[in-house]
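Structure record follows, encoded as structure tokens.
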Amino acid sequence: MLRIASVAAALIVVSSALFAPGSVIAQERSADVAAVKAIVSSYVDARERRDATALAALFTEDADQLVSTGEWRRGRDAVVKGGLASSARSSGVRTIDVETVRFVSADVAVADGRYEIAAAAGAPARHMWTTFVMARHAGTWRISAIRNMRPSEP
């Protein structure tokens with residue numbers, strides 16, 4: 001029993017050292033969080049500029065997007081084409097505020113945030129939630145999936 005307690009205590013000490021603020025693992029995770037948030041920011045920027053090339057570069061080839069209307073865009077080309085068409089239809093400025101980033105594995109992240117399309121031309125602002133699933137390939141984070149949801153009415 002004493003041996004189990006000693007091993008458990010050692011694991012706690014090692015884990016604390018590895019994941020403590022300032023540790024190598026904590027710094028790497030912090031850099032990954034920043035990279036994931038930067039991809040979301042680049043996505044919003046490319047959508048606002050209506051830049052198909054920049055937008056396509058952010059996605060994996062097999063990416064998909066399920067939007068709040070129920071449309072399911074499958075494949076990078078469909079996601080880019082649909083996103084640009086949506087931007088053309090609703091001219092309000094888009095913002096996404098990433099609130100959480102969770103790592104499912106070392107190379108898969110889930111980023112959740114508030115998504116708003118500001119009011120334009122007399123239309124009310126649209127408030128939604130969005131979830132990005134990102135995968136790291138060859139050291140670079142790419143968007144694998146996006147899910148947009150409109151909150152239910154109270």
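If you're wondering about the labels, chains in the structure tokens are A, B, ... by order shown, residues count from 1 in each chain, ligands from 1 in order shown.
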Surrounding residues of stretch 141-143 of chain A excluding itself and chain neighbours under 3 positions, 6 Å, only C-alpha atoms, as a PyMOL selection string: chain A and resi 58-60+134-136
Quick one: write out the picked residues with C-alpha atoms as a PDB file, in the first residue's frame?
ATOM      1  CA  LEU A  58      -7.242  27.310 -44.165  1.00  0.00           C
ATOM      2  CA  PHE A  59      -9.173  24.057 -44.749  1.00  0.00           C
ATOM      3  CA  THR A  60      -8.341  20.393 -45.043  1.00  0.00           C
ATOM      4  CA  MET A 134      -9.028  21.647 -36.336  1.00  0.00           C
ATOM      5  CA  ALA A 135      -6.408  19.101 -37.267  1.00  0.00           C
ATOM      6  CA  ARG A 136      -2.662  19.619 -37.331  1.00  0.00           C
TER       7      ARG A 136
END
A:Met128, A:Val80, A:Val133, A:Ala31 ranked by distance to A:Ile96, top pick (using only C-alpha atoms): A:Met128
Test item: residues at most 7 Å from A:Thr95, only C-alpha atoms, excluding those fewer than 6 positions along its chain, as a list in words: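 Close residues of A:Thr95: Val44, Tyr115, Glu116 and Ile117 of chain A.
Interatomic distance, atom CA of A:Arg114 against atom CA of A:Arg150: 10.1 Å.
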Distance criterion (only C-alpha atoms): nearest to A:Asp45 out of A:Thr140, A:Thr130, A:Ser152, A:Ser87: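 Ranking A:Thr140, A:Thr130, A:Ser152, A:Ser87 by distance to A:Asp45, first place goes to A:Ser87.
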Selected residue, from A:Gln65, A:Ser90, A:Ser30, A:Asn148, that lies nearest to A:Glu48 when counting only C-alpha atoms: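 Smallest separation from A:Glu48 among the options: A:Ser90.
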Residue set, stretch 10-142 of chain A restricted to strand (DSSP E or B), as an MDAnalysis selection string: chainID A and resid 59:66 72:74 94:105 108:117 126:137 140:142
Contacts of A:Arg47 at 9 Å (only C-alpha atoms; same-chain gap of 6+ positions) as a list in words: Ala54, Leu55, Val80, Gly83, Leu84, Ser87 and Arg94 of chain A
Selection from above, N, CA and C atoms, as a PDB file, in the first residue's frame, can you write it?
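Wrote it out as result_8.pdb, contents follow:
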ATOM      1  N   ALA A  54      -7.255  32.557 -50.013  1.00  0.00           N
ATOM      2  CA  ALA A  54      -6.870  32.575 -48.595  1.00  0.00           C
ATOM      3  C   ALA A  54      -7.793  31.669 -47.777  1.00  0.00           C
ATOM      4  N   LEU A  55      -9.065  31.667 -48.102  1.00  0.00           N
ATOM      5  CA  LEU A  55     -10.026  30.835 -47.389  1.00  0.00           C
ATOM      6  C   LEU A  55      -9.728  29.357 -47.604  1.00  0.00           C
ATOM      7  N   VAL A  80     -15.789  26.640 -49.289  1.00  0.00           N
ATOM      8  CA  VAL A  80     -15.350  27.964 -49.744  1.00  0.00           C
ATOM      9  C   VAL A  80     -16.438  28.625 -50.583  1.00  0.00           C
ATOM     10  N   GLY A  83     -19.401  29.560 -48.354  1.00  0.00           N
ATOM     11  CA  GLY A  83     -19.068  30.654 -47.453  1.00  0.00           C
ATOM     12  C   GLY A  83     -19.039  31.996 -48.168  1.00  0.00           C
ATOM     13  N   LEU A  84     -18.465  32.021 -49.357  1.00  0.00           N
ATOM     14  CA  LEU A  84     -18.408  33.270 -50.115  1.00  0.00           C
ATOM     15  C   LEU A  84     -19.793  33.694 -50.584  1.00  0.00           C
ATOM     16  N   SER A  87     -21.487  35.183 -47.592  1.00  0.00           N
ATOM     17  CA  SER A  87     -20.963  36.524 -47.313  1.00  0.00           C
ATOM     18  C   SER A  87     -21.551  37.552 -48.267  1.00  0.00           C
ATOM     19  N   ARG A  94     -18.694  40.198 -39.905  1.00  0.00           N
ATOM     20  CA  ARG A  94     -18.641  38.986 -39.081  1.00  0.00           C
ATOM     21  C   ARG A  94     -17.566  39.109 -38.015  1.00  0.00           C
TER      22      ARG A  94
END
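Atom CA of A:Arg73 lies 26.6 Å from atom CA of A:Ala106.
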Backbone DSSP call of helix (DSSP H, G or I) for chain A, listed as an NGL selection string: :A and (2-19 or 24-49 or 52-56 or 76-89)
Long-range neighbours of A:Thr131 as a PyMOL selection string, 8 Å cut-off, only C-alpha atoms, 2 positions minimum in chain: chain A and resi 110-113+129+133+146-148
